[in-house]
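Structure below is my_file-v4.csv: CSV, C-alpha atoms and all ligand atoms.
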chain,number,residue,atom,x,y,z
A,1,MET,CA,76.7,-165.4,-76.3
A,2,ASP,CA,73.1,-164.3,-75.9
A,3,SER,CA,71.1,-167.2,-77.5
A,4,GLU,CA,68.5,-164.8,-78.8
A,5,VAL,CA,71.2,-163.0,-80.8
A,6,LEU,CA,72.6,-166.3,-82.1
A,7,TYR,CA,69.2,-167.7,-83.2
A,8,ASN,CA,68.3,-164.4,-84.9
A,9,VAL,CA,71.5,-164.6,-86.9
A,10,LEU,CA,70.9,-168.2,-87.7
A,11,ARG,CA,67.4,-167.3,-88.9
A,12,GLN,CA,68.8,-164.5,-91.1
A,13,GLU,CA,71.5,-166.7,-92.7
A,14,ILE,CA,68.8,-169.4,-93.4
A,15,LYS,CA,66.6,-166.7,-94.9
A,16,GLU,CA,69.5,-166.0,-97.3
A,17,ARG,CA,69.8,-169.7,-98.1
A,18,LYS,CA,72.8,-170.6,-96.0
A,19,ILE,CA,73.2,-173.6,-93.8
A,20,PRO,CA,74.8,-171.7,-90.9
A,21,LEU,CA,77.2,-174.2,-89.2
A,22,SER,CA,80.1,-172.8,-87.2
A,23,LEU,CA,83.4,-174.1,-86.0
A,24,GLY,CA,83.2,-171.6,-83.1
A,25,LYS,CA,86.6,-170.2,-83.9
A,26,THR,CA,88.6,-168.6,-86.6
A,27,CYS,CA,89.5,-171.0,-89.4
A,28,PRO,CA,92.5,-173.0,-88.2
A,29,VAL,CA,93.8,-173.6,-91.8
A,30,LYS,CA,95.1,-170.1,-91.9
A,31,CYS,CA,95.7,-169.9,-95.7
A,32,ALA,CA,97.9,-166.9,-96.6
A,33,PHE,CA,95.4,-165.9,-99.3
A,34,CYS,CA,92.2,-166.2,-97.2
A,35,TYR,CA,89.8,-163.3,-97.8
A,36,GLU,CA,88.4,-163.8,-94.3
A,37,LYS,CA,91.7,-162.7,-92.8
A,38,ASP,CA,90.1,-159.4,-92.3
A,39,HIS,CA,86.3,-159.4,-92.4
A,40,SER,CA,86.0,-156.2,-90.3
A,41,TYR,CA,84.3,-154.5,-93.2
A,42,ARG,CA,81.1,-156.4,-92.3
A,43,PRO,CA,79.5,-156.9,-88.9
A,44,THR,CA,79.7,-160.5,-87.7
A,45,ILE,CA,79.0,-162.3,-84.5
A,46,ASP,CA,81.4,-164.8,-82.8
A,47,ALA,CA,79.1,-167.8,-83.2
A,48,PRO,CA,79.8,-170.7,-80.9
A,49,MET,CA,80.6,-174.1,-82.3
A,50,THR,CA,77.3,-175.6,-83.7
A,51,THR,CA,75.8,-178.1,-81.3
A,52,GLN,CA,73.2,-180.8,-81.9
A,53,GLU,CA,70.5,-178.5,-80.5
A,54,HIS,CA,71.5,-175.7,-82.9
A,55,TRP,CA,71.6,-178.1,-85.8
A,56,GLU,CA,68.1,-179.4,-85.0
A,57,PHE,CA,66.9,-175.8,-85.1
A,58,ILE,CA,68.7,-175.1,-88.3
A,59,LEU,CA,67.3,-178.1,-90.1
A,60,ARG,CA,63.7,-177.5,-88.9
A,61,GLU,CA,63.9,-173.9,-90.2
A,62,ILE,CA,65.4,-175.1,-93.5
A,63,GLN,CA,62.7,-177.7,-93.9
A,64,LYS,CA,60.0,-175.0,-93.6
A,65,ALA,CA,61.5,-173.1,-96.6
A,66,PRO,CA,60.1,-173.8,-100.0
A,67,THR,CA,62.3,-175.7,-102.5
A,68,ARG,CA,63.1,-173.8,-105.6
A,69,GLU,CA,64.3,-175.6,-108.7
A,70,ASN,CA,67.6,-173.7,-109.3
A,71,GLU,CA,68.4,-172.9,-105.7
A,72,ALA,CA,71.3,-174.5,-103.8
A,73,TRP,CA,71.8,-174.0,-100.1
A,74,LEU,CA,75.3,-172.9,-99.2
A,75,LEU,CA,77.0,-174.8,-96.4
A,76,GLY,CA,78.2,-172.1,-94.0
A,77,GLY,CA,76.9,-168.7,-92.9
A,78,ASN,CA,78.9,-166.0,-94.5
A,79,GLU,CA,77.0,-162.8,-94.1
A,80,TYR,CA,76.8,-162.4,-90.3
A,81,MET,CA,79.3,-165.1,-89.3
A,82,GLU,CA,82.9,-165.9,-90.2
A,83,TRP,CA,83.6,-168.1,-93.1
A,84,THR,CA,85.6,-171.3,-92.3
A,85,ASP,CA,86.2,-174.7,-93.8
A,86,LEU,CA,83.2,-176.5,-92.2
A,87,PHE,CA,84.3,-180.0,-92.9
A,88,LEU,CA,86.6,-179.5,-89.9
A,89,HIS,CA,83.5,-179.7,-87.8
A,90,PRO,CA,83.2,-183.3,-86.5
A,91,LYS,CA,79.5,-183.5,-87.3
A,92,ALA,CA,79.4,-181.6,-90.6
A,93,MET,CA,79.3,-184.8,-92.7
A,94,ASP,CA,76.5,-186.4,-90.6
A,95,TRP,CA,74.5,-183.2,-90.8
A,96,LEU,CA,75.0,-182.8,-94.5
A,97,GLU,CA,73.7,-186.3,-95.0
A,98,GLU,CA,70.7,-185.5,-92.8
A,99,PHE,CA,70.0,-182.4,-94.9
A,100,LEU,CA,70.0,-184.5,-98.1
A,101,ASP,CA,67.9,-187.3,-96.5
A,102,THR,CA,65.2,-185.1,-95.0
A,103,THR,CA,64.9,-182.3,-97.6
A,104,ASP,CA,64.6,-182.2,-101.3
A,105,LYS,CA,66.9,-179.2,-101.6
A,106,LYS,CA,70.2,-178.8,-103.3
A,107,VAL,CA,73.4,-178.0,-101.5
A,108,MET,CA,76.6,-176.2,-102.5
A,109,PHE,CA,79.9,-176.2,-100.6
A,110,PHE,CA,83.5,-175.1,-100.8
A,111,THR,CA,86.3,-176.8,-99.0
A,112,VAL,CA,90.1,-177.0,-99.4
A,113,GLY,CA,89.7,-180.8,-99.1
A,114,TYR,CA,88.6,-181.9,-95.6
A,115,ALA,CA,85.5,-183.8,-96.8
A,116,ARG,CA,86.1,-187.5,-96.3
A,117,PRO,CA,86.4,-189.0,-99.8
A,118,ASP,CA,84.5,-192.3,-99.2
A,119,ARG,CA,81.5,-190.5,-97.5
A,120,ILE,CA,81.2,-187.6,-99.9
A,121,ASN,CA,81.5,-189.9,-102.9
A,122,ARG,CA,78.8,-192.2,-101.5
A,123,LEU,CA,76.5,-189.1,-101.0
A,124,ALA,CA,77.1,-188.0,-104.5
A,125,LEU,CA,76.0,-191.3,-105.9
A,126,LYS,CA,73.0,-191.5,-103.6
A,127,TYR,CA,71.8,-187.9,-104.4
A,128,PRO,CA,72.7,-187.3,-108.0
A,129,GLY,CA,72.3,-183.7,-109.1
A,130,ARG,CA,71.8,-182.3,-105.6
A,131,ILE,CA,75.4,-181.7,-104.6
A,132,ASP,CA,77.5,-178.9,-106.0
A,133,PHE,CA,80.9,-179.6,-104.6
A,134,GLU,CA,83.5,-176.8,-105.3
A,135,LEU,CA,86.9,-178.1,-104.4
A,136,SER,CA,89.4,-175.3,-103.7
A,137,VAL,CA,92.5,-177.0,-104.8
A,138,ILE,CA,94.4,-173.6,-105.1
A,139,THR,CA,97.6,-175.3,-106.2
A,140,LEU,CA,99.2,-178.7,-106.2
A,141,GLY,CA,102.7,-177.2,-106.8
A,142,ASP,CA,105.6,-175.8,-104.7
A,143,ALA,CA,103.6,-172.8,-103.6
A,144,ARG,CA,101.2,-175.0,-101.7
A,145,LYS,CA,103.3,-175.1,-98.5
A,146,LYS,CA,103.6,-171.4,-98.4
A,147,LEU,CA,99.9,-170.6,-99.2
A,148,MET,CA,98.3,-173.3,-97.2
A,149,PRO,CA,100.8,-174.4,-94.5
A,150,HIS,CA,98.1,-176.2,-92.6
A,151,GLY,CA,96.0,-177.3,-95.6
A,152,PRO,CA,95.3,-180.9,-96.5
A,153,SER,CA,98.0,-182.9,-98.4
A,154,VAL,CA,98.1,-183.1,-102.2
A,155,GLN,CA,97.4,-186.8,-101.8
A,156,GLN,CA,94.3,-186.1,-99.9
A,157,VAL,CA,93.1,-183.6,-102.5
A,158,LEU,CA,93.7,-186.1,-105.3
A,159,GLN,CA,91.8,-188.8,-103.4
A,160,ILE,CA,88.7,-186.5,-103.3
A,161,LEU,CA,89.1,-185.7,-106.9
A,162,ASP,CA,89.2,-189.4,-107.8
A,163,GLY,CA,85.4,-190.0,-107.6
A,164,PRO,CA,82.0,-188.7,-108.6
A,165,SER,CA,81.5,-186.0,-106.1
A,166,VAL,CA,83.6,-182.9,-107.2
A,167,THR,CA,81.6,-180.7,-109.5
A,168,SER,CA,84.4,-178.1,-110.0
A,169,ALA,CA,88.0,-177.7,-109.0
A,170,ASN,CA,89.5,-174.3,-108.7
A,171,PHE,CA,93.2,-173.6,-108.9
A,172,TYR,CA,95.3,-170.7,-110.0
A,173,SER,CA,98.2,-169.4,-111.9
A,174,LEU,CA,101.1,-168.5,-109.6
A,175,GLY,CA,103.9,-168.5,-112.2
A,176,PRO,CA,105.2,-170.6,-115.0
A,177,ASP,CA,104.1,-174.3,-115.0
A,178,THR,CA,101.6,-173.9,-112.1
A,179,MET,CA,98.0,-173.7,-113.4
A,180,SER,CA,98.9,-175.7,-116.5
A,181,ALA,CA,100.7,-178.4,-114.6
A,182,ASP,CA,97.7,-178.7,-112.1
A,183,ALA,CA,95.2,-178.8,-115.0
A,184,LYS,CA,97.1,-181.8,-116.4
A,185,ILE,CA,97.1,-183.7,-113.1
A,186,ILE,CA,93.5,-182.9,-112.1
A,187,SER,CA,92.1,-183.7,-115.5
A,188,ARG,CA,93.9,-187.1,-115.5
A,189,VAL,CA,92.4,-188.0,-112.1
A,190,ASN,CA,89.0,-186.5,-112.9
A,191,PRO,CA,88.1,-185.8,-116.6
A,192,ARG,CA,84.5,-184.7,-115.7
A,193,CYS,CA,84.8,-181.9,-113.2
A,194,VAL,CA,84.9,-178.3,-114.4
A,195,LEU,CA,88.4,-176.8,-114.2
A,196,TRP,CA,87.8,-173.3,-112.8
A,197,MET,CA,91.0,-171.2,-113.1
A,198,GLY,CA,92.4,-167.7,-113.0
A,199,CYS,CA,94.4,-165.8,-110.4
A,200,LEU,CA,94.1,-165.0,-106.8
A,201,THR,CA,93.6,-161.3,-106.1
A,202,PRO,CA,95.8,-159.4,-103.6
A,203,LEU,CA,93.6,-157.5,-101.1
A,204,LYS,CA,95.0,-154.9,-98.7
A,205,TYR,CA,95.5,-157.3,-95.8
A,206,ILE,CA,97.3,-160.0,-97.7
A,207,ASP,CA,101.0,-160.0,-96.9
A,208,GLU,CA,103.5,-158.6,-99.4
A,209,PRO,CA,105.2,-161.9,-100.5
A,210,THR,CA,101.8,-163.6,-101.0
A,211,SER,CA,100.6,-160.6,-103.0
A,212,GLU,CA,103.7,-160.7,-105.1
A,213,LEU,CA,103.2,-164.4,-105.8
A,214,MET,CA,99.6,-163.6,-106.9
A,215,ARG,CA,100.8,-160.8,-109.2
A,216,THR,CA,103.5,-163.1,-110.7
A,217,GLY,CA,100.6,-165.6,-111.4
A,218,ARG,CA,98.7,-162.8,-113.2
A,219,ARG,CA,101.8,-162.1,-115.4
A,220,TYR,CA,101.9,-165.7,-116.5
A,221,LEU,CA,98.2,-166.2,-116.8
A,222,ALA,CA,98.1,-166.0,-120.6
A,223,GLN,CA,101.0,-168.3,-121.1
A,224,GLU,CA,99.5,-170.8,-118.7
A,225,ALA,CA,96.1,-170.6,-120.3
A,226,GLU,CA,97.6,-171.1,-123.8
A,227,LYS,CA,99.3,-174.3,-122.6
A,228,ILE,CA,96.0,-175.7,-121.2
A,229,LEU,CA,94.1,-174.9,-124.4
A,230,GLU,CA,96.8,-176.7,-126.4
A,231,ALA,CA,96.7,-179.7,-124.2
A,232,ALA,CA,92.9,-179.8,-124.7
A,233,PRO,CA,91.8,-181.8,-121.6
A,234,PRO,CA,88.2,-183.2,-121.8
A,235,ASN,CA,87.0,-181.1,-118.8
A,236,MET,CA,85.1,-177.8,-119.2
A,237,LEU,CA,87.7,-175.1,-118.9
A,238,GLN,CA,86.6,-171.9,-117.2
A,239,LEU,CA,88.4,-168.7,-116.3
A,240,HIS,CA,86.5,-166.3,-114.1
A,241,THR,CA,88.5,-164.7,-111.4
A,242,GLU,CA,89.9,-161.7,-113.3
A,243,SER,CA,87.6,-158.8,-113.6
A,244,TYR,CA,89.5,-157.0,-116.4
A,245,ILE,CA,89.1,-160.1,-118.5
A,246,THR,CA,85.4,-160.6,-117.6
A,247,ALA,CA,84.7,-157.0,-118.4
A,248,TRP,CA,86.4,-157.2,-121.8
A,249,LEU,CA,84.8,-160.5,-122.8
A,250,ASN,CA,81.5,-159.0,-122.0
A,251,ARG,CA,82.0,-155.6,-123.4
A,252,LYS,CA,79.1,-155.8,-125.8
A,253,LYS,CA,76.7,-156.8,-123.0
A,254,ILE,CA,78.1,-154.0,-120.8
A,255,LEU,CA,77.6,-151.4,-123.6
A,256,LYS,CA,74.1,-152.7,-124.4
A,257,THR,CA,73.1,-152.3,-120.7
A,258,PHE,CA,74.7,-148.9,-120.5
A,259,ASP,CA,72.9,-147.7,-123.7
A,260,ALA,CA,69.6,-149.0,-122.4
A,261,CYS,CA,70.1,-146.8,-119.3
A,262,GLU,CA,69.6,-143.8,-121.6
A,263,LEU,CA,71.9,-141.5,-119.6
A,264,GLU,CA,72.5,-137.9,-120.7
A,265,LYS,CA,76.0,-136.5,-121.4
A,266,GLN,CA,76.0,-134.5,-118.1
A,267,ASP,CA,75.0,-137.4,-115.9
A,268,TRP,CA,77.4,-138.8,-113.4
A,269,VAL,CA,77.5,-142.6,-113.1
A,270,VAL,CA,79.5,-144.6,-110.6
A,271,VAL,CA,81.7,-147.2,-112.3
A,272,SER,CA,84.5,-149.6,-111.2
A,273,GLY,CA,87.9,-149.5,-112.9
A,274,ASN,CA,87.4,-152.0,-115.7
A,275,VAL,CA,84.0,-150.8,-116.6
A,276,TYR,CA,85.5,-147.3,-116.7
A,277,ARG,CA,88.0,-148.5,-119.2
A,278,ILE,CA,85.4,-150.1,-121.4
A,279,LEU,CA,83.1,-147.0,-121.4
A,280,ASN,CA,86.1,-144.8,-122.0
A,281,MET,CA,87.0,-146.7,-125.1
A,282,PHE,CA,83.6,-147.3,-126.6
A,283,ARG,CA,81.3,-144.6,-125.1
A,284,ARG,CA,83.6,-141.7,-124.5
A,285,ASN,CA,81.8,-138.6,-123.3
A,286,ARG,CA,78.4,-140.3,-123.4
A,287,ALA,CA,78.1,-139.6,-119.7
A,288,ARG,CA,80.4,-138.6,-116.9
A,289,TYR,CA,82.1,-141.6,-115.3
A,290,LEU,CA,82.8,-141.4,-111.6
A,291,TYR,CA,85.5,-144.0,-111.1
A,292,VAL,CA,85.2,-145.5,-107.6
A,293,PRO,CA,88.1,-147.8,-106.5
A,294,ASN,CA,87.3,-150.7,-104.1
A,295,ALA,CA,88.9,-148.9,-101.2
A,296,ALA,CA,87.3,-151.1,-98.5
A,297,LEU,CA,88.9,-154.3,-99.9
A,298,GLY,CA,91.9,-152.5,-101.3
A,299,GLY,CA,94.8,-154.3,-103.0
A,300,ASP,CA,94.1,-155.1,-106.6
A,301,SER,CA,90.4,-155.6,-106.2
A,302,ASP,CA,88.3,-154.1,-109.0
A,303,CYS,CA,84.6,-155.1,-108.9
A,304,THR,CA,81.3,-153.2,-109.0
A,305,THR,CA,79.5,-155.8,-106.9
A,306,LEU,CA,82.0,-155.3,-104.0
A,307,LEU,CA,81.9,-151.5,-103.9
A,308,THR,CA,80.7,-150.1,-100.7
A,309,PHE,CA,78.7,-146.9,-100.0
A,310,GLU,CA,81.8,-145.6,-98.1
A,311,ASP,CA,83.9,-146.2,-101.3
A,312,VAL,CA,81.4,-144.1,-103.2
A,313,ALA,CA,81.3,-141.4,-100.5
A,314,LYS,CA,85.1,-141.0,-100.7
A,315,ARG,CA,84.8,-140.1,-104.4
A,316,LEU,CA,81.9,-137.7,-104.4
A,317,ASN,CA,83.0,-134.2,-105.0
A,318,GLY,CA,80.6,-131.5,-106.1
A,319,GLN,CA,78.2,-133.7,-108.1
A,320,SER,CA,74.5,-132.9,-107.3
A,321,MET,CA,73.0,-136.0,-108.8
A,322,VAL,CA,74.7,-139.4,-109.2
A,323,TYR,CA,73.6,-142.7,-110.7
A,324,LEU,CA,74.5,-145.8,-108.7
A,325,PRO,CA,74.5,-149.4,-110.0
A,326,LYS,CA,71.8,-151.5,-108.4
A,327,VAL,CA,74.3,-154.4,-107.8
A,328,ILE,CA,76.1,-152.6,-105.0
A,329,MET,CA,73.0,-152.5,-102.8
A,330,GLU,CA,71.4,-155.8,-103.9
A,331,HIS,CA,71.8,-157.8,-100.7
A,332,PRO,CA,70.3,-161.3,-100.4
A,333,SER,CA,68.4,-160.2,-97.3
A,334,GLY,CA,66.2,-158.1,-99.6
A,335,VAL,CA,67.2,-154.9,-97.8
A,336,GLU,CA,69.0,-152.4,-100.0
A,337,ARG,CA,72.5,-152.5,-98.3
A,338,ASP,CA,76.1,-152.9,-99.4
A,339,ILE,CA,78.5,-155.7,-98.4
A,340,ALA,CA,79.5,-153.7,-95.3
A,341,GLY,CA,76.0,-153.6,-94.0
A,342,VAL,CA,75.3,-149.9,-94.8
A,343,THR,CA,71.8,-149.3,-96.2
A,344,PHE,CA,71.0,-147.1,-99.1
A,345,GLU,CA,68.7,-145.1,-96.8
A,346,GLU,CA,71.6,-144.5,-94.4
A,347,PHE,CA,74.0,-143.5,-97.2
A,348,LYS,CA,71.5,-140.9,-98.5
A,349,THR,CA,71.4,-139.2,-95.1
A,350,TRP,CA,75.2,-138.6,-95.4
A,351,PHE,CA,74.5,-136.3,-98.3
A,352,PRO,CA,71.2,-134.6,-97.8
A,353,ARG,CA,71.9,-132.1,-100.6
A,354,LYS,CA,72.7,-134.7,-103.2
A,355,ARG,CA,70.3,-136.9,-105.2
A,356,PHE,CA,70.9,-140.5,-106.1
A,357,ARG,CA,69.3,-142.6,-108.7
A,358,VAL,CA,69.6,-146.3,-109.1
A,359,LEU,CA,70.5,-148.0,-112.4
A,360,HIS,CA,68.3,-151.1,-112.0
A,361,ARG,CA,69.6,-152.8,-115.1
A,362,VAL,CA,73.1,-153.0,-113.6
A,363,ASN,CA,72.0,-155.8,-111.2
A,364,THR,CA,73.0,-159.2,-109.8
A,365,THR,CA,71.5,-161.1,-112.6
A,366,LEU,CA,73.8,-159.3,-115.0
A,367,SER,CA,76.9,-159.6,-112.9
A,368,ASN,CA,76.4,-163.2,-111.6
A,369,THR,CA,74.8,-164.8,-114.6
A,370,LYS,CA,75.2,-162.9,-117.8
A,371,LEU,CA,78.8,-162.0,-117.2
A,372,TYR,CA,79.7,-165.6,-116.5
A,373,GLU,CA,78.5,-166.8,-119.9
A,374,LYS,CA,81.7,-166.1,-121.7
A,375,GLY,CA,84.2,-167.1,-119.1
A,376,TYR,CA,85.9,-169.9,-121.0
A,377,VAL,CA,89.7,-170.3,-121.4
A,378,LYS,CA,89.1,-170.5,-125.2
A,379,ASN,CA,87.3,-167.1,-125.2
A,380,TYR,CA,90.1,-165.6,-123.1
A,381,ILE,CA,92.8,-166.7,-125.5
A,382,GLU,CA,90.9,-165.8,-128.7
A,383,ASP,CA,89.2,-162.6,-127.7
A,384,TYR,CA,91.6,-161.2,-125.1
A,385,VAL,CA,95.1,-162.6,-125.4
A,386,ARG,CA,95.1,-162.6,-129.2
A,387,ASN,CA,93.1,-159.4,-129.6
A,388,PRO,CA,95.3,-156.4,-130.4
A,389,LEU,CA,92.7,-154.0,-129.0
A,390,THR,CA,93.2,-155.2,-125.4
A,391,LYS,CA,96.6,-153.4,-125.2
A,392,LYS,CA,94.8,-150.2,-125.7
A,393,TYR,CA,92.2,-151.2,-123.1
A,394,GLU,CA,94.8,-152.1,-120.5
A,395,GLN,CA,96.5,-148.7,-121.1
A,396,VAL,CA,93.4,-146.6,-120.4
A,397,ALA,CA,94.5,-144.6,-117.3
A,398,LEU,CA,92.1,-144.4,-114.4
A,399,PRO,CA,91.4,-141.0,-112.9
A,400,THR,CA,93.3,-140.3,-109.6
M,501,LIG,S1,90.4,-173.0,-95.4
M,501,LIG,FE1,89.1,-171.4,-96.4
M,501,LIG,S2,88.3,-170.2,-94.7
M,501,LIG,FE2,90.0,-171.5,-93.9
M,501,LIG,S3,91.8,-170.2,-94.0
M,501,LIG,FE3,91.8,-171.4,-95.9
M,501,LIG,S4,90.6,-170.1,-97.3
M,501,LIG,FE4,90.2,-169.3,-95.3
For this file, produce the structure as structure tokens.
Amino acid sequence: MDSEVLYNVLRQEIKERKIPLSLGKTCPVKCAFCYEKDHSYRPTIDAPMTTQEHWEFILREIQKAPTRENEAWLLGGNEYMEWTDLFLHPKAMDWLEEFLDTTDKKVMFFTVGYARPDRINRLALKYPGRIDFELSVITLGDARKKLMPHGPSVQQVLQILDGPSVTSANFYSLGPDTMSADAKIISRVNPRCVLWMGCLTPLKYIDEPTSELMRTGRRYLAQEAEKILEAAPPNMLQLHTESYITAWLNRKKILKTFDACELEKQDWVVVSGNVYRILNMFRRNRARYLYVPNAALGGDSDCTTLLTFEDVAKRLNGQSMVYLPKVIMEHPSGVERDIAGVTFEEFKTWFPRKRFRVLHRVNTTLSNTKLYEKGYVKNYIEDYVRNPLTKKYEQVALPT
């Protein structure tokens, strides 16, 4: 690979607050649910395995960047490089330690459990408050073999959990006695970490049996969540992965934001499925809602942030002016572009006769911060599962 290309990509990832290490190959863990199975929707380079020389460059560049109070650097480049479990890199732990030693910055990382428990626990004690360790447990139950045939053993995962390092453990409903059984075990081993739960979402390239397992998990989510609430473990209990729940729990915020946009009845506004349902129930005919499915990701995905300009283009039909949520073009690079790399400017050239306006209030702060505030299991049970209105919400048909 041309080293100029590589170094430019490293610089770009660093600019977006990533620590761009690479395994130099596709992730060998090959999880059946991996969202990187097909990342062809975004342009990436085949980065070689990170060498000591690359690392010295990366660290020097990071050291030059200012430290911001609430900013954590993500281990792994994931915009222009392929996402992998970087603790499989033989030097990852040494470099992580060097990052913590030689900068005053925070770090955030996700792993299915390859971090060495003794070393990561020691680092967590040495650098309190600087490590956000999100452990992707996924499941400790029978489905583990199928979903993660090459993943770390349950015993290894429990060893990592048994210490001060893990900030949050994520795991999912995959049927009866899955998420609730895992919550019990994890909480017993680690009563401090956040339990971050929900369902895995089938995307178009996830195989049928895996997608079916994910959908079974969704059918049992309420039952599983009720059990966990009843067991009342001491951990913080969060539920975030289901957009239909997030949209419902935050309906007041969504409506307030929509009202503040002061749209006219005849205006067309791009919305994802669950926002369409909310607006259809509570703001019927206050504007014209252009439902745009997440065609690029496909499957059951339903998320405004992950809409692409191509998704929007497929649904345009005769409208002369359309409002677009800011969040679909709010890329960390600062350039207005979607997750597939298409810029807003480029998109506008596809439709020279149409006009587009941006809804600036529908932005990343709203989707990443505000909409997370209510994502607790307790809220899900009380305001979703036990709320008779949600039946009506679920039945709102999406336009074809
Ligand atoms: S470990 Fe992570 S990146 Fe690797 S296959 Fe599994 S989910 Fe994908």
- Message: Given only C-alpha atoms as the basis, pick out the residue of A:Leu147, A:Leu307, A:Ile381, A:Ile120 nearest to A:Ile245.
- Response: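 Between A:Leu147, A:Leu307, A:Ile381, A:Ile120, the residue approaching A:Ile245 most closely is A:Ile381.
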- Task: Write out as JSON, numbers by chain each polymer residue (protein, DNA or RNA) that has an atom no more than 12 Å from ligand LIG 501 (chain M), with all atoms listed in the file counted.
- Result: {"A": [22, 23, 25, 26, 27, 28, 29, 30, 31, 32, 33, 34, 35, 36, 37, 38, 39, 76, 77, 78, 81, 82, 83, 84, 85, 86, 87, 88, 109, 110, 111, 112, 113, 114, 115, 134, 135, 136, 137, 138, 144, 147, 148, 149, 150, 151, 152, 200, 206]}
Per-residue nearest contacts stretch 286-394 of chain A to stretch 3-13 of chain A, cut-off 12 Å, using all atoms listed in the file, as a tab-separated table:
residue	atom	partner	partner_atom	distance
A:His331	CA	A:Glu13	CA	12.0
A:Pro332	CA	A:Glu13	CA	9.5
A:Ser333	CA	A:Gln12	CA	7.6
A:Gly334	CA	A:Gln12	CA	11.0
A:Val335	CA	A:Gln12	CA	11.8
- Item | Counting all atoms listed in the file, the option among A:Asn70, A:Thr246, A:Gln238, A:Gln319 closest to A:Cys193 |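 Closest candidate: A:Gln238.
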- Message: Measuring between all atoms listed in the file, which one of A:Thr103, A:Ser320, A:Thr51, A:Ser272 shows the shortest distance to A:Arg353?
- Response: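 Checking each of A:Thr103, A:Ser320, A:Thr51, A:Ser272 against A:Arg353, counting all atoms listed in the file, the winner is A:Ser320.
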- Coordinates-based distance that separates atom CA of A:Glu336 from atom CA of A:His360 (Å, one decimal):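 Going from atom CA of A:His360 over to atom CA of A:Glu336, I get 12.1 Å.
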- Item | Point-to-point distance from atom CA of A:Ala183 to atom CA of A:Asn170, Å rounded to tenths |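 Between atom CA of A:Ala183 and atom CA of A:Asn170 the gap works out to 9.6 Å.
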- Task: List the residues sitting within 12 Å of (63.1, -177.1, -93.6) in the file's frame, using all atoms listed in the file, as a list in words.
- Result: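 In the file's frame, the residues around the point are Arg11, Ile14, Lys15, Arg17, Lys18, Ile19, Trp55, Glu56, Phe57, Ile58, Leu59, Arg60, Glu61, Ile62, Gln63, Lys64, Ala65, Pro66, Thr67, Trp73, Glu98, Phe99, Leu100, Asp101, Thr102, Thr103, Asp104 and Lys105 of chain A.
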- Choose the residue, out of A:Tyr291, A:Tyr323, A:Tyr276, A:Phe309, that has the smallest atom-to-atom separation from A:Gln395; count all atoms listed in the file.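 Smallest separation from A:Gln395 among the options: A:Tyr276.
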- Tell me which of A:Pro43, A:Gly298, A:Pro233, A:Gly341 sits closest to A:Tyr80, counting only C-alpha atoms. A:Pro43
- Message: Between atom CA of A:Glu97 and atom CA of A:Met49, what distance in Å does the model show, to one decimal?
- Response: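 Going from atom CA of A:Glu97 over to atom CA of A:Met49, I get 18.9 Å.
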- Message: Would you pick out the contacts of A:Ala296 at 8 Å or less, using all atoms listed in the file, so that residues sharing its chain but fewer than 6 positions from it are not included, and give the list as a list in words?
- Response: Tyr41, Leu307, Thr308, Glu310 and Asp311 of chain A
- Between A:Thr349, A:Ala247, A:Ser180, A:Ala72, which one has atoms that come closest to A:Tyr393, using only C-alpha atoms?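 Of the candidates, the smallest distance to A:Tyr393 is held by A:Ala247.
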Just so I have it separately, write stretch 306-329 of chain A from the block I sent, keeping C-alpha atoms, as an mmCIF file, in the first residue's frame.
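Done, and the output landed in decode-v3.cif:
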data_model
loop_
_atom_site.group_PDB
_atom_site.id
_atom_site.type_symbol
_atom_site.label_atom_id
_atom_site.label_comp_id
_atom_site.auth_asym_id
_atom_site.auth_seq_id
_atom_site.Cartn_x
_atom_site.Cartn_y
_atom_site.Cartn_z
ATOM 1 C CA LEU A 306 -27.740 5.761 9.530
ATOM 2 C CA LEU A 307 -29.787 6.957 6.541
ATOM 3 C CA THR A 308 -27.756 7.619 3.412
ATOM 4 C CA PHE A 309 -28.341 10.151 0.647
ATOM 5 C CA GLU A 310 -28.906 7.226 -1.678
ATOM 6 C CA ASP A 311 -31.675 5.968 0.620
ATOM 7 C CA VAL A 312 -33.294 9.419 0.394
ATOM 8 C CA ALA A 313 -32.814 9.596 -3.384
ATOM 9 C CA LYS A 314 -34.712 6.326 -3.839
ATOM 10 C CA ARG A 315 -37.801 7.809 -2.163
ATOM 11 C CA LEU A 316 -37.912 11.192 -3.845
ATOM 12 C CA ASN A 317 -40.808 11.438 -6.216
ATOM 13 C CA GLY A 318 -42.124 14.742 -7.464
ATOM 14 C CA GLN A 319 -41.368 16.824 -4.348
ATOM 15 C CA SER A 320 -39.816 20.172 -5.235
ATOM 16 C CA MET A 321 -38.521 21.009 -1.781
ATOM 17 C CA VAL A 322 -37.560 18.588 0.984
ATOM 18 C CA TYR A 323 -36.335 19.046 4.562
ATOM 19 C CA LEU A 324 -33.499 16.757 5.657
ATOM 20 C CA PRO A 325 -32.436 15.979 9.244
ATOM 21 C CA LYS A 326 -28.975 17.383 9.952
ATOM 22 C CA VAL A 327 -27.934 14.126 11.634
ATOM 23 C CA ILE A 328 -27.650 12.201 8.361
ATOM 24 C CA MET A 329 -24.865 14.472 7.134
#
